[in-house]
Every structure is written in C-alpha cells, then in structure tokens.
file work.tsv (TSV, C-alpha atoms and all ligand atoms)
chain	number	residue	atom	x	y	z
A	1459	MET	CA	-17.55	-1.71	21.52
A	1460	SER	CA	-16.63	1.34	23.60
A	1461	ALA	CA	-14.33	-0.87	25.71
A	1462	GLU	CA	-12.70	-2.14	22.53
A	1463	ARG	CA	-12.43	1.37	21.22
A	1464	ALA	CA	-10.79	2.54	24.46
A	1465	ARG	CA	-8.33	-0.32	24.25
A	1466	ILE	CA	-7.34	0.52	20.68
A	1467	ALA	CA	-7.05	4.21	21.62
A	1468	ARG	CA	-4.76	3.29	24.52
A	1469	ASN	CA	-2.58	1.08	22.32
A	1470	LEU	CA	-2.43	3.79	19.69
A	1471	ALA	CA	-1.37	6.42	22.24
A	1472	ARG	CA	1.51	4.17	23.30
A	1473	ILE	CA	2.55	3.53	19.69
A	1474	ARG	CA	2.46	7.25	18.90
A	1475	GLN	CA	4.58	7.98	21.98
A	1476	ASP	CA	7.10	5.33	20.91
A	1477	ILE	CA	7.22	6.88	17.44
A	1478	ALA	CA	7.77	10.34	18.92
A	1479	ASP	CA	10.58	9.00	21.13
A	1480	ALA	CA	12.26	7.17	18.24
A	1481	CYS	CA	11.96	10.31	16.09
A	1482	ALA	CA	13.59	12.38	18.83
A	1483	ARG	CA	16.48	9.92	19.02
A	1484	ALA	CA	16.91	9.97	15.24
A	1485	GLY	CA	16.33	13.69	14.66
A	1486	ARG	CA	13.20	13.04	12.60
A	1487	ARG	CA	9.71	14.56	12.55
A	1488	PRO	CA	6.80	12.36	13.75
A	1489	GLU	CA	4.60	13.76	10.98
A	1490	ASP	CA	6.88	12.03	8.47
A	1491	VAL	CA	5.87	8.63	9.87
A	1492	THR	CA	2.49	7.10	8.99
A	1493	ILE	CA	0.86	4.19	10.75
A	1494	VAL	CA	-0.72	1.76	8.30
A	1495	ALA	CA	-3.20	-0.30	10.36
A	1496	VAL	CA	-3.06	-3.97	9.40
A	1497	THR	CA	-6.58	-5.24	10.06
A	1498	LYS	CA	-6.19	-8.92	9.14
A	1499	SER	CA	-6.82	-10.15	12.69
A	1500	VAL	CA	-9.94	-8.14	13.54
A	1501	GLY	CA	-13.56	-7.78	12.46
A	1502	ALA	CA	-15.42	-4.94	10.80
A	1503	ASP	CA	-16.63	-3.32	14.03
A	1504	ARG	CA	-13.08	-2.68	15.22
A	1505	ILE	CA	-12.00	-1.45	11.79
A	1506	LYS	CA	-14.82	1.09	11.86
A	1507	VAL	CA	-13.34	2.96	14.83
A	1508	LEU	CA	-9.94	3.48	13.20
A	1509	PRO	CA	-10.71	6.66	11.23
A	1510	GLU	CA	-12.21	8.23	14.38
A	1511	LEU	CA	-8.80	7.70	15.99
A	1512	GLY	CA	-7.02	9.29	13.05
A	1513	LEU	CA	-6.06	6.09	11.23
A	1514	THR	CA	-7.18	6.20	7.60
A	1515	GLU	CA	-4.47	4.07	5.96
A	1516	LEU	CA	-5.69	0.48	6.33
A	1517	ALA	CA	-4.05	-2.72	5.12
A	1518	GLU	CA	-4.69	-6.37	4.49
A	1519	SER	CA	-2.25	-9.09	3.51
A	1520	ARG	CA	-4.63	-11.29	1.49
A	1521	VAL	CA	-6.50	-10.29	-1.61
A	1522	GLN	CA	-9.78	-11.93	-0.76
A	1523	GLN	CA	-9.96	-10.39	2.68
A	1524	LEU	CA	-8.93	-6.98	1.36
A	1525	CYS	CA	-11.74	-7.01	-1.18
A	1526	GLN	CA	-14.33	-8.31	1.31
A	1527	ARG	CA	-13.45	-5.74	3.96
A	1528	ALA	CA	-13.27	-2.85	1.53
A	1529	GLU	CA	-16.66	-3.75	0.04
A	1530	GLU	CA	-18.24	-4.32	3.42
A	1531	LEU	CA	-17.01	-1.02	4.84
A	1532	THR	CA	-17.18	1.39	1.90
A	1533	GLY	CA	-20.75	2.42	2.70
A	1534	HIS	CA	-19.97	3.03	6.36
A	1535	PHE	CA	-16.85	5.07	5.68
A	1536	GLN	CA	-18.69	7.14	3.08
A	1537	LYS	CA	-21.53	7.80	5.50
A	1538	VAL	CA	-19.20	9.09	8.20
A	1539	GLY	CA	-17.08	10.99	5.68
A	1540	ALA	CA	-13.86	9.05	6.35
A	1541	ALA	CA	-11.33	9.14	3.51
A	1542	VAL	CA	-9.89	5.68	3.96
A	1543	ARG	CA	-7.27	4.14	1.67
A	1544	TRP	CA	-6.59	0.42	1.51
A	1545	HIS	CA	-3.06	-0.94	1.14
A	1546	MET	CA	-2.16	-4.44	-0.04
A	1547	VAL	CA	0.85	-5.57	2.00
A	1548	GLY	CA	1.00	-9.34	1.47
A	1549	HIS	CA	2.22	-11.52	-1.36
A	1550	LEU	CA	0.31	-10.88	-4.57
A	1551	GLN	CA	-0.20	-13.31	-7.43
A	1552	ARG	CA	-0.61	-11.98	-10.94
A	1553	ASN	CA	-4.03	-13.55	-11.42
A	1554	LYS	CA	-5.35	-11.50	-8.46
A	1555	VAL	CA	-4.11	-8.12	-9.67
A	1556	LYS	CA	-7.31	-7.09	-11.43
A	1557	GLN	CA	-9.31	-7.77	-8.28
A	1558	VAL	CA	-6.89	-5.95	-5.99
A	1559	LEU	CA	-6.86	-2.84	-8.15
A	1560	GLU	CA	-10.58	-2.39	-7.51
A	1561	HIS	CA	-9.85	-1.61	-3.87
A	1562	ALA	CA	-6.16	-1.03	-3.10
A	1563	LYS	CA	-4.62	2.39	-3.63
A	1564	VAL	CA	-1.15	1.25	-2.61
A	1565	ILE	CA	0.59	-2.10	-3.16
A	1566	HIS	CA	3.63	-2.71	-0.94
A	1567	SER	CA	4.53	-6.16	-2.18
A	1568	VAL	CA	5.72	-5.84	-5.78
A	1569	ASP	CA	8.77	-8.05	-6.08
A	1570	SER	CA	9.09	-8.97	-9.76
A	1571	LEU	CA	8.92	-7.26	-13.12
A	1572	ARG	CA	6.18	-9.63	-14.25
A	1573	LEU	CA	3.97	-8.57	-11.35
A	1574	ALA	CA	4.72	-4.88	-11.95
A	1575	GLU	CA	3.84	-5.33	-15.63
A	1576	GLU	CA	0.56	-7.00	-14.79
A	1577	ILE	CA	-0.41	-4.14	-12.44
A	1578	ASN	CA	0.54	-1.76	-15.23
A	1579	VAL	CA	-1.51	-3.57	-17.88
A	1580	GLN	CA	-4.60	-3.86	-15.68
A	1581	GLY	CA	-4.19	-0.25	-14.59
A	1582	GLN	CA	-4.05	0.85	-18.20
A	1583	LYS	CA	-7.36	-0.90	-18.90
A	1584	GLU	CA	-9.02	0.79	-15.95
A	1585	GLY	CA	-7.35	4.16	-16.37
A	1586	LEU	CA	-5.56	3.84	-13.01
A	1587	VAL	CA	-2.09	4.80	-11.86
A	1588	THR	CA	-1.33	2.74	-8.75
A	1589	ASP	CA	1.25	3.60	-6.11
A	1590	VAL	CA	3.57	0.64	-5.59
A	1591	LEU	CA	6.57	-0.23	-3.46
A	1592	LEU	CA	9.30	-2.63	-4.43
A	1593	GLN	CA	9.60	-5.39	-1.83
A	1594	VAL	CA	13.21	-6.33	-1.20
A	1595	ASN	CA	14.58	-9.27	0.75
A	1596	CYS	CA	17.09	-7.60	3.05
A	1597	SER	CA	17.41	-10.45	5.52
A	1598	ARG	CA	20.40	-12.67	5.01
A	1599	GLU	CA	18.21	-15.69	5.52
A	1600	GLU	CA	15.70	-17.57	3.46
A	1601	GLN	CA	12.71	-15.30	2.85
A	1602	LYS	CA	9.91	-16.44	0.64
A	1603	PHE	CA	9.20	-13.09	-0.97
A	1604	GLY	CA	11.00	-9.93	-2.01
A	1605	CYS	CA	13.51	-9.43	-4.81
A	1606	ALA	CA	17.20	-9.98	-4.13
A	1607	MET	CA	19.11	-6.87	-3.02
A	1608	GLY	CA	21.42	-7.14	-6.00
A	1609	ALA	CA	18.47	-7.05	-8.41
A	1610	ALA	CA	16.61	-4.15	-6.81
A	1611	MET	CA	18.25	-1.19	-8.59
A	1612	HIS	CA	17.67	-2.57	-12.05
A	1613	LEU	CA	14.14	-3.70	-11.22
A	1614	ALA	CA	13.28	-0.27	-9.81
A	1615	GLU	CA	14.57	1.37	-12.99
A	1616	LEU	CA	12.42	-0.88	-15.16
A	1617	MET	CA	9.37	-0.27	-12.97
A	1618	CYS	CA	9.78	3.46	-13.53
A	1619	THR	CA	9.27	2.99	-17.26
A	1620	LEU	CA	5.72	1.70	-16.71
A	1621	ARG	CA	3.15	4.46	-17.05
A	1622	ASN	CA	0.30	3.01	-15.00
A	1623	ILE	CA	2.26	2.38	-11.84
A	1624	ARG	CA	4.15	4.89	-9.74
A	1625	LEU	CA	7.11	3.66	-7.71
A	1626	VAL	CA	6.83	5.43	-4.36
A	1627	GLY	CA	9.31	3.47	-2.26
A	1628	LEU	CA	10.74	0.25	-0.92
A	1629	MET	CA	9.36	-2.33	1.48
A	1630	THR	CA	10.96	-5.10	3.50
A	1631	MET	CA	9.92	-7.75	6.00
A	1632	ALA	CA	12.47	-8.31	8.74
A	1633	ALA	CA	12.84	-11.64	10.46
A	1634	GLN	CA	10.40	-11.78	13.37
A	1635	GLY	CA	11.78	-12.63	16.77
A	1636	PRO	CA	11.71	-11.58	20.40
A	1637	ASP	CA	14.59	-9.16	19.88
A	1638	ALA	CA	13.66	-6.04	17.89
A	1639	GLU	CA	17.35	-5.22	17.43
A	1640	ALA	CA	17.69	-8.30	15.23
A	1641	ALA	CA	15.67	-6.44	12.60
A	1642	ARG	CA	17.97	-3.42	12.45
A	1643	PRO	CA	20.51	-4.68	9.89
A	1644	ALA	CA	17.73	-5.39	7.37
A	1645	PHE	CA	16.26	-1.91	7.89
A	1646	VAL	CA	19.69	-0.32	7.45
A	1647	ARG	CA	20.20	-2.24	4.20
A	1648	LEU	CA	16.84	-1.11	2.85
A	1649	ARG	CA	17.55	2.52	3.74
A	1650	GLU	CA	20.98	2.36	2.08
A	1651	LEU	CA	19.43	0.88	-1.05
A	1652	PHE	CA	16.81	3.63	-0.99
A	1653	GLU	CA	19.48	6.32	-0.70
A	1654	GLU	CA	21.37	4.75	-3.58
A	1655	MET	CA	18.24	4.92	-5.74
A	1656	ARG	CA	17.53	8.49	-4.74
A	1657	HIS	CA	21.11	9.37	-5.59
A	1658	ALA	CA	20.63	7.80	-9.03
A	1659	ALA	CA	17.36	9.79	-9.35
A	1660	ILE	CA	15.34	6.58	-9.76
A	1661	GLY	CA	11.67	7.36	-9.31
A	1662	GLY	CA	12.25	11.08	-8.81
A	1663	GLU	CA	10.21	13.01	-6.25
A	1664	ALA	CA	7.59	10.27	-5.91
A	1665	MET	CA	10.21	7.95	-4.42
A	1666	ARG	CA	9.88	8.81	-0.74
A	1667	HIS	CA	8.66	5.85	1.27
A	1668	LEU	CA	10.33	3.17	3.33
A	1669	SER	CA	7.72	0.63	4.42
A	1670	MET	CA	9.39	-1.25	7.25
A	1671	GLY	CA	8.63	-2.04	10.86
A	1672	MET	CA	5.77	-4.05	12.37
A	1673	SER	CA	4.45	-4.49	15.92
A	1674	GLN	CA	7.70	-6.02	17.19
A	1675	ASP	CA	10.19	-3.60	15.74
A	1676	TYR	CA	8.56	-0.34	14.68
A	1677	SER	CA	10.70	1.80	17.02
A	1678	VAL	CA	13.89	0.44	15.45
A	1679	ALA	CA	12.38	0.97	12.00
A	1680	VAL	CA	11.61	4.63	12.78
A	1681	GLU	CA	15.19	5.14	13.99
A	1682	GLU	CA	16.36	3.79	10.62
A	1683	GLY	CA	14.10	5.99	8.52
A	1684	ALA	CA	10.76	4.20	8.09
A	1685	THR	CA	7.93	6.38	6.76
A	1686	LEU	CA	5.25	3.67	6.67
A	1687	LEU	CA	4.81	1.34	9.66
A	1688	ARG	CA	2.62	-1.72	9.07
A	1689	ILE	CA	1.13	-2.41	12.48
A	1690	GLY	CA	-1.51	-4.96	13.49
A	1691	THR	CA	-0.99	-6.77	16.78
A	1692	ALA	CA	0.30	-3.81	18.80
A	1693	LEU	CA	-2.81	-1.86	17.87
A	1694	PHE	CA	-5.45	-4.48	18.55
A	1695	GLN	CA	-3.95	-6.64	21.34
B	1701	LIG	C1	0.47	-9.07	9.40
B	1701	LIG	C2	1.40	-8.20	8.69
B	1701	LIG	C3	1.89	-7.03	9.30
B	1701	LIG	C4	1.54	-6.62	10.71
B	1701	LIG	O1	2.08	-7.54	11.65
B	1701	LIG	P1	1.95	-7.31	13.21
B	1701	LIG	O2	3.09	-8.06	13.76
B	1701	LIG	O3	0.63	-7.85	13.60
B	1701	LIG	O4	2.06	-5.85	13.46
B	1701	LIG	C5	2.74	-6.23	8.55
B	1701	LIG	N1	3.09	-6.54	7.29
B	1701	LIG	C6	2.65	-7.64	6.68
B	1701	LIG	C7	3.07	-7.93	5.28
B	1701	LIG	C8	1.79	-8.52	7.35
B	1701	LIG	O5	1.37	-9.64	6.75

call {"tool": "encode", "arguments": {"input": "work.tsv", "output": "structure tokens", "more": "lines below"}}
Ligand SMILES: *Cc1c(COP(=O)(O)O)cnc(C)c1O
result
Amino acid sequence: MSAERARIARNLARIRQDIADACARAGRRPEDVTIVAVTKSVGADRIKVLPELGLTELAESRVQQLCQRAEELTGHFQKVGAAVRWHMVGHLQRNKVKQVLEHAKVIHSVDSLRLAEEINVQGQKEGLVTDVLLQVNCSREEQKFGCAMGAAMHLAELMCTLRNIRLVGLMTMAAQGPDAEAARPAFVRLRELFEEMRHAAIGGEAMRHLSMGMSQDYSVAVEEGATLLRIGTALFQ
C-alpha cells in the first residue's frame, strides 16, 4: 500500500502544481479551488489514504457504490478523525434519493425540478438541508443529462424556493476527448450562466460553486473559474 500511497501522492502533487499554474494564469487563488476525488475506479484501501493527503471531499457517480463505500469506510474515517464528505456526481433517479441522502452531503447532478423536489421532500422528512448544484448541458452536442441552458435560470429560481435544499452552484460535463481545449467553450458558457444568476441574485451568498473539469481538462476549467474539480483517473493512474 505504501507504493500505492506514494503514487497517489505524486499524482496529487502534479495536479496541485497544475492548479497553481492555471490560477496564476487566470489571476485566481489556489485555495478557491477544491479537488473532489472521484473514487469510482478504486478500492477501499486506496480511498483510505486520501484524507492523509489532504483530500476529504470524496465522490461517487453511482448511488449503490456511494452508499457501500460510505458505509464501509465510516468507521475507519471516524477512528482516524478524518472529516470526510461524500458527493454524488452522477445521474440520480428520484427513487434513489432517499438512499443517497443518508450519505451524500452534496449532490452535483440535479437537472430537473422533479428531482429537486424529491430531494426537498425527503430532506424535509429527515430534517436535512442538502447542498445541490444544478447540472447544465453546456455542450452543443447530444448529452444525456443536464438541463438545457435556456431552462437553467428559471429552474435555478424555482430550486431556491425549496427549503430543504440549498443551491450552491452549477455543474457541467464537457465532452471528453484528447484535446482539453475542446472543453473550454462549455466551461465559458457555464461561467457566463453563473454570472448571470449571481447578477440576478439567484441563490444569494450560497451560490458560489462551479463544478467543472475532470482529469482531462481540469487546468482549462480552473482558467475558466472552476471551484470544484471532479478528478478520478489523474489521481489514481
Ligand atoms: C468519473 C467521473 C468523473 C471523474 O472522471 P476522470 O476522468 O476519471 O477524472 C467526474 N465527474 C463525473 C460525473 C464522473 O462520472
């Protein structure tokens, strides 16, 4: 495990340097960018080392795996005093909301009013206020998930009327390809939408996150204003 740990530490050092460089180019502060470690491709032993390396925001893209991992690791993280928070970053069906709320503190993938309402209703029952991001389809191509750009403002406004969710930002998935630059237009569109919402005071002070950028394109995302980077492969490869 120490070899694995050293490898992750080395990858993380490179990612942090890339973030620092991108921040310097964009006139931003590295402390305003958080790495959310996407653990879907690795086992519990590698997840355990993450808090030791300073990574406490962990994510899964499937409900079942999120719940399994969170349950499996809660005892360990408590024992070592690590304050870990789980994020749900993948597509979420309404019938899985109740389950996800038991473990996830942040949901990045809210893309319809019906889903937001379900999170709100279940949250009300459990006395929870859950941080959520509105997922927007900013790629001009067919994307399976994310609300249309033209619908985002109105949807965000409606989400803000729900008491048991808190809209904290926007999320997008850029098209994945060998060229990181190909992702830039989608990131620019998400940031512009975000600025429009801020200007209209939608969400107020809580509205401060742009969840964009993955292993392929996180440097470009930081240049365009990302505050949450969802990174798996680049961390564990
Ligand atoms: C898997 C996944 C990521 C991380 O992807 P990598 O390319 O491995 O960094 C980010 N966001 C979502 C929604 C994912 O499913």

call {"tool": "residues_around", "arguments": {"input": "work.tsv", "residues": "A:Glu1681", "least_positions_apart": "6", "cutoff": "10 Å", "atoms": "all atoms listed in the file", "output": "PDB file with C-alpha atoms, in the coordinates of the input"}}
result
ATOM      1  CA  ILE A1477       7.220   6.880  17.440  1.00  0.00           C
ATOM      2  CA  ASP A1479      10.580   9.000  21.130  1.00  0.00           C
ATOM      3  CA  ALA A1480      12.260   7.170  18.240  1.00  0.00           C
ATOM      4  CA  CYS A1481      11.960  10.310  16.090  1.00  0.00           C
ATOM      5  CA  ALA A1482      13.590  12.380  18.830  1.00  0.00           C
ATOM      6  CA  ARG A1483      16.480   9.920  19.020  1.00  0.00           C
ATOM      7  CA  ALA A1484      16.910   9.970  15.240  1.00  0.00           C
ATOM      8  CA  GLY A1485      16.330  13.690  14.660  1.00  0.00           C
ATOM      9  CA  ARG A1486      13.200  13.040  12.600  1.00  0.00           C
ATOM     10  CA  ARG A1642      17.970  -3.420  12.450  1.00  0.00           C
ATOM     11  CA  PHE A1645      16.260  -1.910   7.890  1.00  0.00           C
ATOM     12  CA  VAL A1646      19.690  -0.320   7.450  1.00  0.00           C
TER      13      VAL A1646
END

call {"tool": "atom_distance", "arguments": {"input": "work.tsv", "atom1": "atom CA of A:Glu1489", "atom2": "atom CA of A:Thr1685"}}
result
9.1 Å

call {"tool": "closest_residue", "arguments": {"input": "work.tsv", "among": "A:Gly1661, A:Gly1548, A:Gly1635, A:Gly1608", "to": "ligand LIG 1701 (chain B)", "atoms": "all atoms listed in the file"}}
result
A:Gly1548

call {"tool": "residues_around", "arguments": {"input": "work.tsv", "residues": "A:Asp1589", "least_positions_apart": "6", "cutoff": "10 Å", "atoms": "all atoms listed in the file", "output": "list of chain:residue names"}}
result
A:His1545, A:Ala1562, A:Lys1563, A:Val1564, A:Ile1565, A:His1566, A:Asn1622, A:Ile1623, A:Arg1624, A:Leu1625, A:Val1626, A:Gly1627, A:Ala1664

call {"tool": "residues_near_ligand", "arguments": {"input": "work.tsv", "ligand": "ligand LIG 1701 (chain B)", "cutoff": "7 Å", "atoms": "only C-alpha atoms and all ligand atoms", "output": "PyMOL selection string"}}
result
chain A and resi 1496+1498+1519+1547-1548+1631+1672-1674+1688-1692

call {"tool": "atom_distance", "arguments": {"input": "work.tsv", "atom1": "atom CA of A:Gln1695", "atom2": "atom CA of A:Gln1601"}}
result
26.4 Å

call {"tool": "atom_distance", "arguments": {"input": "work.tsv", "atom1": "atom CA of A:Gln1557", "atom2": "atom CA of A:Gln1522"}}
result
8.6 Å

call {"tool": "closest_residue", "arguments": {"input": "work.tsv", "among": "A:Ala1644, A:Ile1493, A:Ile1660, A:Val1521", "to": "A:Met1607", "atoms": "only C-alpha atoms"}}
result
A:Ala1644

call {"tool": "closest_residue", "arguments": {"input": "work.tsv", "among": "A:Ala1540, A:Ala1461, A:Leu1651, A:Ala1502", "to": "A:Leu1524", "atoms": "only C-alpha atoms"}}
result
A:Ala1502

call {"tool": "closest_residue", "arguments": {"input": "work.tsv", "among": "A:Ser1567, A:Arg1552, A:Phe1603, A:Leu1648", "to": "A:Val1579", "atoms": "only C-alpha atoms"}}
result
A:Arg1552

call {"tool": "residues_near_point", "arguments": {"input": "work.tsv", "point": "(8.2, -3.0, 14.5)", "cutoff": "9 Å", "atoms": "all atoms listed in the file", "output": "ChimeraX atom specification"}}
result
/A:1632,1638,1641,1670-1680,1687-1689

call {"tool": "write_last_selection", "arguments": {"input": "work.tsv", "atoms": "C-alpha atoms", "output": "PDB file, in the frame of the given file"}}
result
ATOM      1  CA  ALA A1632      12.470  -8.310   8.740  1.00  0.00           C
ATOM      2  CA  ALA A1638      13.660  -6.040  17.890  1.00  0.00           C
ATOM      3  CA  ALA A1641      15.670  -6.440  12.600  1.00  0.00           C
ATOM      4  CA  MET A1670       9.390  -1.250   7.250  1.00  0.00           C
ATOM      5  CA  GLY A1671       8.630  -2.040  10.860  1.00  0.00           C
ATOM      6  CA  MET A1672       5.770  -4.050  12.370  1.00  0.00           C
ATOM      7  CA  SER A1673       4.450  -4.490  15.920  1.00  0.00           C
ATOM      8  CA  GLN A1674       7.700  -6.020  17.190  1.00  0.00           C
ATOM      9  CA  ASP A1675      10.190  -3.600  15.740  1.00  0.00           C
ATOM     10  CA  TYR A1676       8.560  -0.340  14.680  1.00  0.00           C
ATOM     11  CA  SER A1677      10.700   1.800  17.020  1.00  0.00           C
ATOM     12  CA  VAL A1678      13.890   0.440  15.450  1.00  0.00           C
ATOM     13  CA  ALA A1679      12.380   0.970  12.000  1.00  0.00           C
ATOM     14  CA  VAL A1680      11.610   4.630  12.780  1.00  0.00           C
ATOM     15  CA  LEU A1687       4.810   1.340   9.660  1.00  0.00           C
ATOM     16  CA  ARG A1688       2.620  -1.720   9.070  1.00  0.00           C
ATOM     17  CA  ILE A1689       1.130  -2.410  12.480  1.00  0.00           C
TER      18      ILE A1689
END

call {"tool": "closest_residue", "arguments": {"input": "work.tsv", "among": "A:Gln1551, A:Asn1469, A:Gln1634, A:Gln1593", "to": "A:Leu1508", "atoms": "only C-alpha atoms"}}
result
A:Asn1469

call {"tool": "residues_near_point", "arguments": {"input": "work.tsv", "point": "(-8.9, -5.5, -0.5)", "cutoff": "8 Å", "atoms": "all atoms listed in the file", "output": "list in words"}}
result
Ala1517, Glu1518, Arg1520, Val1521, Gln1522, Gln1523, Leu1524, Cys1525, Gln1526, Arg1527, Ala1528, Glu1529, Trp1544, His1545, Met1546, Val1558, Glu1560, His1561 and Ala1562 of chain A

call {"tool": "closest_residue", "arguments": {"input": "work.tsv", "among": "A:Gly1662, A:Phe1694, A:Leu1571, A:Lys1506", "to": "A:Gly1539", "atoms": "all atoms listed in the file"}}
result
A:Lys1506
